[in-house]
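Below is one structure; the comments refer to it alone.
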Amino acid sequence: MEAEKHILSKSTFLRGLQCAKSLYLYKNSIQLRDRPSAEQLAIFSRGTNVGVLAQKLFPGGKDATPKRRSDNIAAVEKTKELIASGVEVIYEAAFQHNKVLAILDILVKKDNQWYAYEVKSSTKISHTYLLDASLQYWVITNSGLPLADISLIIINNKYVRNGELDFNKLFAIKSVMREAIQQQEMVEEKIFQSKLVIENIEQPKVPIGEQCFSPYHCDFMGYCWKGVPKNSVFEITGIPKAEQFALYNAGFKTIDEIPVKNNFNGNVNIHINAVKTDEEKVDKDAISKFLNKVNYPLFFMDFETFMPAVPIYNNTKPYQHIPFQYSLHYKQSKDAELQHFSFLGEQGSDPRKSFIQNLLKHTETEGTILVYDALMERNILNGLKNDFPEYAAEIDFRLKRIVDLMVPFQEKNYYHPAMKNSFSIKNLLHALVPDLSYSDLTISSGSIAMTAFEHLQTEMDMFKILEVRDQLLEYCKLDTLSMVKIFEKLEMVVGS
Ligand code: SF4
């Protein structure tokens, strides 16, 4: 181990594996990086306590994190000192070899041998995790500490909480020693190449390609993709990325340039033709048939759920969808005034029972329940039937009344070029009701709502709690109001 600033870490090593240009830009032109979206920030802030919880599997350890967290040299020195002083469990152990830094979640000494553990808040082992562990193995062993084993600690998605958390059941430990050893030659070669990339005075010439999306959405796309024109072939959803790049690299940069004769399926061609002609496609008969299935009074219903990695409530599993909020717009008849009902669970307690009790009360009269993309709502209601069998018959009555408002759009009975072959409610709203938008909301997507409610579970500031609750109510209300407007648009186009 040497007291010299590192030039590569786990994350920059993985960045270099994805794309040499991304690594170069990160090291030399960080200011060109895209600002993370609110949605990405919400995703980053999830599950941050899983690493700390996994420490409970090996209690009584010492943390090697230095006073100034960014001082990695101090972290490496502190790890060396802890090892030398006979400490047998070390959290955040830092190692460096040949200017490559690795910070390991948990290092354990058993029977005079060292075992390395890296914690992931996922339920599966991905290829990227194996590469990550392989780099850790390379740095730790080359820095002078032989390892008897290296393992990933992941979440066991079969675990059902019953009382206090059982950490031995919540986590699963999988050895990845064999894979790590197999990758050592590759790791060494890639480290060598990555250092050349970083030290080069010229930016690598890497054209945009599938690597921009895999394994991660690259954060230099704003820079590299700025020459891609509007209505480019990358806006055609429903075809593989490889086909989009084949078109682009063959010179068909925009949808307008795609030949009439092509091998795409009908759905893709509906979008291509809509963009070329800039015209809507409306099948009035099919829309009328859909509307005939809908009976007043109408309920426009939307649920929000959150998925804690570590189960918070009894009788729940890791990453289980827990419904915590719904919004309902209600119309007694076509010309009746629009009414609104909602529910938002209290932070700190299991919201499921109050959720279903309130929902049943708000939907007890007859009438169609319109849901946009009904799969999630149906799954949640079926899950609640299992959790609260006393409400099963009433829930079934609601399930039978559900009609999916997405169907006429998914079946292309109504197609607008701005939908871009995507049927998300936001795309639809943008295309059909441009006056209504999520852009002014602080919580503007389901994943942000999910994280906001999860954070409320530990929030102590009353003002902050009230502020976030208002934002959640506003967001979910807009979801069902959007459905009302979209439904009215369907009624309008058929003149009903
Ligand atoms: S956007 Fe694509 S080409 Fe540009 S750095 Fe990222 S992965 Fe590489």
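Residue numbering restarts at 1 for every chain of the structure tokens, chains are lettered A, B, ... in their displayed order, and ligands are numbered from 1 as they appear.
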
Please tabulate, as a tab-separated table, the residues of region 335-395 of chain A that come within 7 Å of region 403-407 of chain A, each with its closest pair of atoms and the distance in Å to one decimal, counting only C-alpha atoms and ordering rows by chain, then residue number upward.
residue	atom	partner	partner_atom	distance
A:Thr368	CA	A:Val403	CA	6.8
A:Ile369	CA	A:Val403	CA	6.1
A:Leu370	CA	A:Val403	CA	5.0
A:Val371	CA	A:Asp404	CA	5.1
A:Tyr372	CA	A:Leu405	CA	4.9
A:Asp373	CA	A:Met406	CA	5.5
A:Ala374	CA	A:Asp404	CA	5.5

I need the residues from that last selection saved to file as a CSV table (one decimal), in the first residue's frame (with all heavy atoms), if you can.
chain,number,residue,atom,x,y,z
A,368,THR,N,-68.0,2.4,-13.2
A,368,THR,CA,-66.7,1.9,-13.7
A,368,THR,C,-65.6,2.6,-13.0
A,368,THR,O,-65.7,3.8,-12.7
A,368,THR,CB,-66.6,2.3,-15.2
A,368,THR,OG1,-67.7,1.6,-15.9
A,368,THR,CG2,-65.3,1.9,-15.8
A,369,ILE,N,-64.6,1.8,-12.7
A,369,ILE,CA,-63.4,2.4,-12.1
A,369,ILE,C,-62.3,2.5,-13.2
A,369,ILE,O,-61.8,1.4,-13.6
A,369,ILE,CB,-62.9,1.6,-10.9
A,369,ILE,CG1,-64.0,1.5,-9.8
A,369,ILE,CG2,-61.6,2.2,-10.3
A,369,ILE,CD1,-63.7,0.6,-8.6
A,370,LEU,N,-62.0,3.6,-13.6
A,370,LEU,CA,-61.0,3.8,-14.7
A,370,LEU,C,-59.6,3.9,-14.1
A,370,LEU,O,-59.4,4.7,-13.1
A,370,LEU,CB,-61.3,5.0,-15.6
A,370,LEU,CG,-62.4,4.8,-16.6
A,370,LEU,CD1,-63.0,6.1,-17.0
A,370,LEU,CD2,-61.9,4.1,-17.8
A,371,VAL,N,-58.7,3.1,-14.6
A,371,VAL,CA,-57.3,3.1,-14.1
A,371,VAL,C,-56.4,3.2,-15.3
A,371,VAL,O,-56.8,2.6,-16.4
A,371,VAL,CB,-57.0,1.8,-13.3
A,371,VAL,CG1,-55.6,1.8,-12.9
A,371,VAL,CG2,-57.9,1.7,-12.1
A,372,TYR,N,-55.3,4.0,-15.2
A,372,TYR,CA,-54.4,4.0,-16.4
A,372,TYR,C,-53.3,3.0,-16.2
A,372,TYR,O,-52.5,3.1,-15.2
A,372,TYR,CB,-53.9,5.5,-16.6
A,372,TYR,CG,-53.3,5.6,-17.9
A,372,TYR,CD1,-54.0,5.9,-19.0
A,372,TYR,CD2,-51.9,5.3,-18.1
A,372,TYR,CE1,-53.5,6.0,-20.3
A,372,TYR,CE2,-51.3,5.4,-19.4
A,372,TYR,CZ,-52.2,5.7,-20.5
A,372,TYR,OH,-51.6,5.8,-21.7
A,373,ASP,N,-53.2,2.0,-17.1
A,373,ASP,CA,-52.3,0.9,-16.9
A,373,ASP,C,-52.6,0.2,-15.6
A,373,ASP,O,-51.9,0.3,-14.6
A,373,ASP,CB,-50.8,1.5,-16.9
A,373,ASP,CG,-49.8,0.3,-17.1
A,373,ASP,OD1,-50.3,-0.8,-17.3
A,373,ASP,OD2,-48.6,0.6,-17.1
A,374,ALA,N,-53.6,-0.7,-15.7
A,374,ALA,CA,-54.2,-1.2,-14.5
A,374,ALA,C,-53.4,-2.3,-13.8
A,374,ALA,O,-53.8,-2.8,-12.7
A,374,ALA,CB,-55.6,-1.7,-14.9

Region 267-397 of chain A: which residues are strand (DSSP E or B) by DSSP, as a PyMOL selection string?
chain A and resi 281-282+298-306+322-331+339-344+369-371

Using only C-alpha atoms for the distances, tell me which of A:Lys477, A:Lys412, A:His430, A:Arg33 is nearest to Val268 (chain A).
A:Lys412

Residues near Val76 (chain A), anyone? I mean within 7 Å using only C-alpha atoms, not counting same-chain ones fewer than 2 positions away, as a VMD selection string.
chain A and resid 72 to 74 78 to 80 94 to 96

For Leu41 (chain A): contacts at 10 Å, only C-alpha atoms, fewer than 6 positions along chain excluded, given as a PyMOL selection string
chain A and resi 35+448+451

Residue selection dump (N, CA and C atoms) as a CSV table (one decimal), in the first residue's frame:
chain,number,residue,atom,x,y,z
A,35,ARG,N,-26.5,17.2,-15.4
A,35,ARG,CA,-27.0,17.3,-14.1
A,35,ARG,C,-28.0,16.2,-13.8
A,448,ILE,N,-40.2,9.5,-7.6
A,448,ILE,CA,-39.9,10.5,-6.6
A,448,ILE,C,-40.9,10.4,-5.4
A,451,THR,N,-39.8,7.6,-3.1
A,451,THR,CA,-38.7,7.9,-2.2
A,451,THR,C,-39.1,8.9,-1.2

Counting only C-alpha atoms and all ligand atoms, name the residues that have an atom within 8 Å of an atom of ligand 1; the answer should be given as a VMD selection string.
chain A and resid 18 to 23 25 206 to 213 217 to 225

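If you look at CA of Met483 (chain A) and CA of His329 (chain A), they are 8.9 Å away from each other.
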
From A:Ala84, A:Val160, A:Val52, A:Leu14, residue lying nearest Thr316 (chain A) [only C-alpha atoms]:
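That would be A:Val160, the residue with the smallest distance to Thr316 (chain A).
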